[in-house]
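Asker: Structure provided below as structure tokens; questions to follow.
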Amino acid sequence: MAQLSDDCFAFGGSLLGIDAARAMIFERVSPVAGIERVPLRQSLGRTLAEDIAAPINVPGYDNSAVDGYAVRFDDLDPARPTTLRCVDRIAAGHDPAGALAPGIAARIFTGALLPEGADVVIMQEDCERDGERVTIRPGIKRGANTRRAGEDVAHGTVALTAGRRLGPADLGLLAALGFVEVPVRRKLAVALISTGDEVREPGELLGRGQIHDANRYILAGLLERLGVDVSDRGIVRDDPAKLNDALRRAAAESDLIITSGGVSTGEEDHVRTAIANHGSLYFWRLAIKPGRPVAMGQIGATPLAGLPGNPVAALLTFALVARPMIEALGAATPHLARRFPVVADFAYKKKTGRREYVRASLDGNKARRFHKEGAGMLTSLTETDGLVELPEEITRLEPGAVVDFVPYSELI
Ligand code: AMP
Ligand code: MG
């Protein structure tokens with residue numbers, strides 16, 4: 001059937017599915033980043049290069065989880081209050097005077113060593129103190145309010161696995177285990193290029209038909225969050241010779257090249273032809289919307305992600321194509337954005353055979369579609385919370401249907 005010409009997805013040819021593209025990325029792109037040891041404080045955001053086995057127990061000793069009284073469980077009457085003599089006083093960081101004798105309680109504080117023999121701590125709120133004596137209400141369980149050595153991390157077990165991108169809590173765990181240095185992957189050098197005769201730097205006065213470069217700022221931000229070294233190579237004209245030159249130099253000096261624009265089928269779309277002519281092109285069209293024209297290939301030995309020019313498409317394909325390439329190059333555990341079920345507040349029609357992403361805001365568990373369309377609309381990103389993901393097989397969506405929602409915090 002003839003398609004209306006305003007459907008820019010009308011022309012034929014096979015499109016690669018997003019799952020197949022992802023599989024191809026991990027098959028073709030191998031780790032390049034070697035290993036270095038960095039001080040713990042500098043390891044935030046870096047990719048862990050080795051499994052980390054715990055050299056000690058955390059916590060290192062049995063201790064109290066509350067401020068209260070340490071006793072022997074067997075000294076307590078299960079049916080009525082028990083009064084015990086309280087002798088020792090054990091503060092955090094200090095040794096108990098000795099083992100806890102039968103029939104005796106010890107005043108104890110949070111984090112303090114549990115004296116030998118004690119197997120339960122009663123919160124001070126549940127006790128009555130009268131001089132040397134303390135009276136304890138019945139009803140406590142053996143082991144209550146105690147923390148056992150190694151219950152958080154046991155000596156010898158793997159606390160963190162290779163490939164993990166280290167977050168603040170990971171640094172806390174490594175510190176608790178006593179590490180001062182961490183084995184991480186070398187940072188990747190990523191060359192970032194915008195293309196287009198109409199594209200100008202912010203700050204430049206715009207002539208007729210010109211726009212400011214938005215993509216390089218979106219993409220540099222995304223790259224910096226992934227902990228790579230961004231080599232900003234500015235804007236390259238829609239000129240095959242200039243583009244080839246820029247790509248060749250970037251390939252020689254980087255682990256990965258990311259471009260935006262110029263990957264469609266227009267006569268001024270030179271990125272795809274440059275890859276095809278001077279390297280290898282693995283795919284250039286994906287069965288997704290927005291973002292169908294997106295190229296993956298290599299120039300020399302350096303992989304390249306050729307993202308589309310429209311900012312929304314550039315951001316989405318960064319998440320779907322460029323990010324997996326970075327993970328493969330950096331030996332990082334692949335990130336899988338989680339989807340959450342929400343209720344669509346809108347109707348939608350689509351074609352089968354492609355996955356579509358609809359920008360939406362969340363109102364409780366209702367997803368409201370952004371009121372303007374177009375993959376170039378920057379406010380459709382700044383004023384929404386994420387994307388509703390509509391699978392290939394769906395052709396229409398009715399309001400009230402349960403759909404998958406990917407928040408931007410998961411996607412990028
Ligand atoms: P292209 O993929 O080069 O055909 O570009 C598609 C659309 O995205 C065009 O409207 C371009 O003007 C726009 N575009 C390309 N590069 C950028 C950029 N760096 N920042 C903002 N918009 C861009
Ligand atoms: Mg262009």
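FYI, nothing fancy with the structure tokens labels: chains A, B, ... in order, residues from 1 per chain, ligands from 1 as they appear.
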Val321 (chain A): which residues within 9 Å, counting only C-alpha atoms, same-chain residues fewer than 2 positions away excluded, as a PDB file with N, CA and C atoms, in the first residue's frame?
Answerer:
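Now in around_23.pdb:
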ATOM      1  N   ILE A  18      16.182  -3.980  17.909  1.00  0.00           N
ATOM      2  CA  ILE A  18      17.058  -3.423  18.942  1.00  0.00           C
ATOM      3  C   ILE A  18      17.780  -4.523  19.735  1.00  0.00           C
ATOM      4  N   ALA A  21      20.605  -5.705  17.588  1.00  0.00           N
ATOM      5  CA  ALA A  21      21.669  -4.690  17.554  1.00  0.00           C
ATOM      6  C   ALA A  21      22.508  -4.773  18.828  1.00  0.00           C
ATOM      7  N   ARG A  22      21.831  -4.931  19.938  1.00  0.00           N
ATOM      8  CA  ARG A  22      22.540  -5.024  21.220  1.00  0.00           C
ATOM      9  C   ARG A  22      23.450  -6.258  21.247  1.00  0.00           C
ATOM     10  N   ILE A  25      26.481  -5.621  19.185  1.00  0.00           N
ATOM     11  CA  ILE A  25      27.439  -4.738  19.853  1.00  0.00           C
ATOM     12  C   ILE A  25      28.336  -5.548  20.784  1.00  0.00           C
ATOM     13  N   VAL A 294      20.544   5.193  12.792  1.00  0.00           N
ATOM     14  CA  VAL A 294      21.636   5.211  13.772  1.00  0.00           C
ATOM     15  C   VAL A 294      22.651   4.180  13.302  1.00  0.00           C
ATOM     16  N   ALA A 295      23.899   4.622  13.190  1.00  0.00           N
ATOM     17  CA  ALA A 295      24.906   3.744  12.595  1.00  0.00           C
ATOM     18  C   ALA A 295      25.851   3.211  13.648  1.00  0.00           C
ATOM     19  N   MET A 296      26.279   1.963  13.444  1.00  0.00           N
ATOM     20  CA  MET A 296      27.352   1.425  14.257  1.00  0.00           C
ATOM     21  C   MET A 296      28.369   0.814  13.313  1.00  0.00           C
ATOM     22  N   ALA A 305      29.810   5.128  16.976  1.00  0.00           N
ATOM     23  CA  ALA A 305      28.348   5.188  17.056  1.00  0.00           C
ATOM     24  C   ALA A 305      27.919   6.468  16.355  1.00  0.00           C
ATOM     25  N   LEU A 307      25.066   8.684  15.772  1.00  0.00           N
ATOM     26  CA  LEU A 307      23.714   8.922  16.291  1.00  0.00           C
ATOM     27  C   LEU A 307      22.982   9.914  15.394  1.00  0.00           C
ATOM     28  N   LEU A 316      18.086   8.980  22.934  1.00  0.00           N
ATOM     29  CA  LEU A 316      17.585   7.599  23.031  1.00  0.00           C
ATOM     30  C   LEU A 316      18.606   6.609  22.456  1.00  0.00           C
ATOM     31  N   THR A 317      19.165   6.934  21.302  1.00  0.00           N
ATOM     32  CA  THR A 317      20.100   5.985  20.683  1.00  0.00           C
ATOM     33  C   THR A 317      21.435   5.968  21.430  1.00  0.00           C
ATOM     34  N   PHE A 318      21.739   7.051  22.130  1.00  0.00           N
ATOM     35  CA  PHE A 318      22.912   6.989  23.017  1.00  0.00           C
ATOM     36  C   PHE A 318      22.690   5.871  24.021  1.00  0.00           C
ATOM     37  N   ALA A 319      21.484   5.870  24.621  1.00  0.00           N
ATOM     38  CA  ALA A 319      21.183   4.855  25.643  1.00  0.00           C
ATOM     39  C   ALA A 319      21.161   3.450  25.055  1.00  0.00           C
ATOM     40  N   ARG A 323      25.837   3.580  24.736  1.00  0.00           N
ATOM     41  CA  ARG A 323      26.142   3.121  26.099  1.00  0.00           C
ATOM     42  C   ARG A 323      26.584   1.654  26.136  1.00  0.00           C
ATOM     43  N   PRO A 324      25.872   0.727  25.469  1.00  0.00           N
ATOM     44  CA  PRO A 324      26.383  -0.654  25.433  1.00  0.00           C
ATOM     45  C   PRO A 324      27.788  -0.755  24.837  1.00  0.00           C
ATOM     46  N   MET A 325      28.097   0.096  23.848  1.00  0.00           N
ATOM     47  CA  MET A 325      29.449   0.059  23.265  1.00  0.00           C
ATOM     48  C   MET A 325      30.484   0.470  24.321  1.00  0.00           C
ATOM     49  N   ILE A 326      30.137   1.476  25.102  1.00  0.00           N
ATOM     50  CA  ILE A 326      31.040   1.935  26.167  1.00  0.00           C
ATOM     51  C   ILE A 326      31.227   0.836  27.203  1.00  0.00           C
TER      52      ILE A 326
END
Asker: Please identify all protein, DNA and RNA residues within 6 Å of ligand 1, counting only C-alpha atoms and all ligand atoms, and report them as a list of chain:residue names.
Answerer: A:Ser194, A:Thr195, A:Gly196, A:Asp213, A:Ala214, A:Asn215, A:Arg216, A:Ser260, A:Gly261, A:Gly262, A:Val263, A:Ser264, A:Pro308, A:Gly309, A:Asn310, A:Pro311
Asker: Quick one: DSSP strand (DSSP E) residues in region 247-387 of chain A, as a PyMOL selection string?
Answerer: chain A and resi 256-260+279-285+288-289+293-299+302-307+340-344+348-349+355-363+366-369+386-387
Asker: For Leu100 (chain A), work out the shell of residues within 9 Å, counting only C-alpha atoms and skipping chain neighbours fewer than 2 positions away, then give it as a list in words.
Answerer: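 Final neighbour list, sorted by chain and number: Ala70, Val71, Arg72, Asp88, Pro96, Ala97, Gly98, Pro102, Gly103, Ile104, Ala105, Ala106, Pro115, Glu116, Gly117 and Ala118 of chain A.
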Asker: Rank A:Arg354, A:Asp269, A:Pro240, A:Ile257 by their smallest atom-to-atom distance to ligand 2, using only C-alpha atoms and all ligand atoms, and report the top residue only.
Answerer: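 Going through A:Arg354, A:Asp269, A:Pro240, A:Ile257 one by one, the smallest distance to ligand 2 is for A:Asp269.
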Asker: Measuring between only C-alpha atoms and all ligand atoms, which one of A:Ala276, A:Ala250, A:Ile56, A:Val199 shows the shortest distance to ligand 2?
Answerer: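 Closest to ligand 2, using only C-alpha atoms and all ligand atoms: A:Val199.
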Asker: Hey, what's within 10 Å of Asn244 (chain A) if we count only C-alpha atoms and toss same-chain stuff fewer than 5 positions away? As a tab-separated table (two decimals) with C-alpha atoms, in the first residue's frame, please?
Answerer:
chain	number	residue	atom	x	y	z
A	236	VAL	CA	32.29	19.26	11.51
A	239	ASP	CA	31.76	17.97	3.72
A	249	ARG	CA	42.09	11.65	13.48
A	250	ALA	CA	39.51	10.79	16.13
A	270	HIS	CA	27.95	11.90	4.99
A	271	VAL	CA	28.69	10.04	8.22
A	273	THR	CA	29.12	6.94	3.73
A	274	ALA	CA	32.34	7.87	5.50
A	275	ILE	CA	32.10	4.75	7.68
A	277	ASN	CA	34.07	4.00	2.61
A	278	HIS	CA	36.80	4.19	5.24
A	299	ILE	CA	37.02	3.37	11.49
Asker: Rank nothing, just name the residue among A:Leu205, A:Leu177, A:Ala99, A:Ala92 nearest to Leu113 (chain A), using only C-alpha atoms.
Answerer: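 The answer is A:Ala92, which sits nearest to Leu113 (chain A).
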Asker: So that I can check the surroundings of Gly330 (chain A), please list as a list in words every protein, DNA and RNA residue that reaches within 8 Å of it, counting only C-alpha atoms and ignoring chain neighbours fewer than 5 positions away.
Answerer: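 Selected residues are Pro31, Val32, Ala33, Thr47, Arg185, Arg186, Lys187 and Leu188 of chain A.
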